[in-house]
Amino acid sequence: MEHVPIDLAETIAILRAVAGTPAEALVRLPWNDQVLVKRVLDAGATSLMFPFIQTADEARRAVSYTRYPPAGIRGVAAIHRGSRYGARPTT
């Protein structure tokens, strides 16, 4: 997503295609955006690469976007593709 014109819808299509293989997708985000992080994770991404991390504080914030409370600030949505529609625990 960072260096190519792939939007969220195309990322979801790629994640679906990869899910049917033994491969794992690594999503390289275009920016450190909390909303985009949760959307990509909810779409089923399991590995993210964050661009432009310059400080320890920015790194902590980026990681907090991927973690549920109390370890982070990610909101809980139990029924979505990333949780296999409720079949995968959120812990």
# chains A, B, ... in the order shown; residues from 1 in each chain; ligands from 1
$ select_by_dssp --residues "segment 10-83 of chain A" --states "helix (DSSP H, G or I)" --output "PyMOL selection string"
chain A and resi 10-19+34-42+56-66+81-83
$ residues_around --residues "segment 42-57 of chain A" --least-positions-apart "3" --cutoff "7 Å" --atoms "only C-alpha atoms" --output "number ranges by chain"
A: 12, 15, 25-32, 38-39, 60-61, 80-82
$ select_by_dssp --residues "chain A" --states "strand (DSSP E or B)" --output "list of chain:residue names"
A:Leu26, A:Val27, A:Arg28, A:Ser47, A:Leu48, A:Met49
$ write_last_selection --atoms "all heavy atoms" --output "PDB file, in the first residue's frame"
ATOM      1  N   LEU A  26       2.093  -9.762   4.265  1.00  0.00           N
ATOM      2  CA  LEU A  26       2.645  -8.661   5.048  1.00  0.00           C
ATOM      3  C   LEU A  26       2.136  -7.381   4.407  1.00  0.00           C
ATOM      4  O   LEU A  26       2.452  -7.096   3.248  1.00  0.00           O
ATOM      5  CB  LEU A  26       4.171  -8.679   5.039  1.00  0.00           C
ATOM      6  CG  LEU A  26       4.865  -7.462   5.643  1.00  0.00           C
ATOM      7  CD1 LEU A  26       4.588  -7.370   7.133  1.00  0.00           C
ATOM      8  CD2 LEU A  26       6.354  -7.533   5.388  1.00  0.00           C
ATOM      9  N   VAL A  27       1.330  -6.627   5.125  1.00  0.00           N
ATOM     10  CA  VAL A  27       0.748  -5.396   4.590  1.00  0.00           C
ATOM     11  C   VAL A  27       1.651  -4.228   4.979  1.00  0.00           C
ATOM     12  O   VAL A  27       1.849  -3.960   6.159  1.00  0.00           O
ATOM     13  CB  VAL A  27      -0.689  -5.171   5.099  1.00  0.00           C
ATOM     14  CG1 VAL A  27      -1.239  -3.852   4.582  1.00  0.00           C
ATOM     15  CG2 VAL A  27      -1.581  -6.328   4.687  1.00  0.00           C
ATOM     16  N   ARG A  28       2.186  -3.561   3.976  1.00  0.00           N
ATOM     17  CA  ARG A  28       3.002  -2.373   4.194  1.00  0.00           C
ATOM     18  C   ARG A  28       2.084  -1.164   4.082  1.00  0.00           C
ATOM     19  O   ARG A  28       1.651  -0.785   2.994  1.00  0.00           O
ATOM     20  CB  ARG A  28       4.120  -2.311   3.164  1.00  0.00           C
ATOM     21  CG  ARG A  28       5.102  -1.214   3.416  1.00  0.00           C
ATOM     22  CD  ARG A  28       6.285  -1.352   2.482  1.00  0.00           C
ATOM     23  NE  ARG A  28       7.223  -0.276   2.693  1.00  0.00           N
ATOM     24  CZ  ARG A  28       8.470  -0.305   2.303  1.00  0.00           C
ATOM     25  NH1 ARG A  28       8.939  -1.360   1.671  1.00  0.00           N
ATOM     26  NH2 ARG A  28       9.262   0.708   2.527  1.00  0.00           N
ATOM     27  N   SER A  47       0.149  -9.434   9.705  1.00  0.00           N
ATOM     28  CA  SER A  47       1.460  -8.787   9.817  1.00  0.00           C
ATOM     29  C   SER A  47       1.420  -7.436   9.124  1.00  0.00           C
ATOM     30  O   SER A  47       0.970  -7.333   7.982  1.00  0.00           O
ATOM     31  CB  SER A  47       2.553  -9.647   9.166  1.00  0.00           C
ATOM     32  OG  SER A  47       2.655 -10.886   9.808  1.00  0.00           O
ATOM     33  N   LEU A  48       1.890  -6.410   9.832  1.00  0.00           N
ATOM     34  CA  LEU A  48       1.897  -5.050   9.295  1.00  0.00           C
ATOM     35  C   LEU A  48       3.301  -4.477   9.337  1.00  0.00           C
ATOM     36  O   LEU A  48       4.071  -4.765  10.250  1.00  0.00           O
ATOM     37  CB  LEU A  48       0.989  -4.133  10.124  1.00  0.00           C
ATOM     38  CG  LEU A  48      -0.468  -4.522  10.288  1.00  0.00           C
ATOM     39  CD1 LEU A  48      -1.181  -3.509  11.169  1.00  0.00           C
ATOM     40  CD2 LEU A  48      -1.147  -4.638   8.947  1.00  0.00           C
ATOM     41  N   MET A  49       3.607  -3.634   8.359  1.00  0.00           N
ATOM     42  CA  MET A  49       4.840  -2.865   8.355  1.00  0.00           C
ATOM     43  C   MET A  49       4.440  -1.395   8.386  1.00  0.00           C
ATOM     44  O   MET A  49       3.664  -0.935   7.541  1.00  0.00           O
ATOM     45  CB  MET A  49       5.673  -3.147   7.111  1.00  0.00           C
ATOM     46  CG  MET A  49       7.000  -2.407   7.108  1.00  0.00           C
ATOM     47  SD  MET A  49       7.963  -2.689   5.592  1.00  0.00           S
ATOM     48  CE  MET A  49       8.329  -4.427   5.760  1.00  0.00           C
TER      49      MET A  49
END
$ residues_around --residues "Val35 of chain A" --least-positions-apart "5" --cutoff "12 Å" --atoms "only C-alpha atoms" --output "MDAnalysis selection string"
chainID A and resid 8 29 40:42 62 65:66 73:75
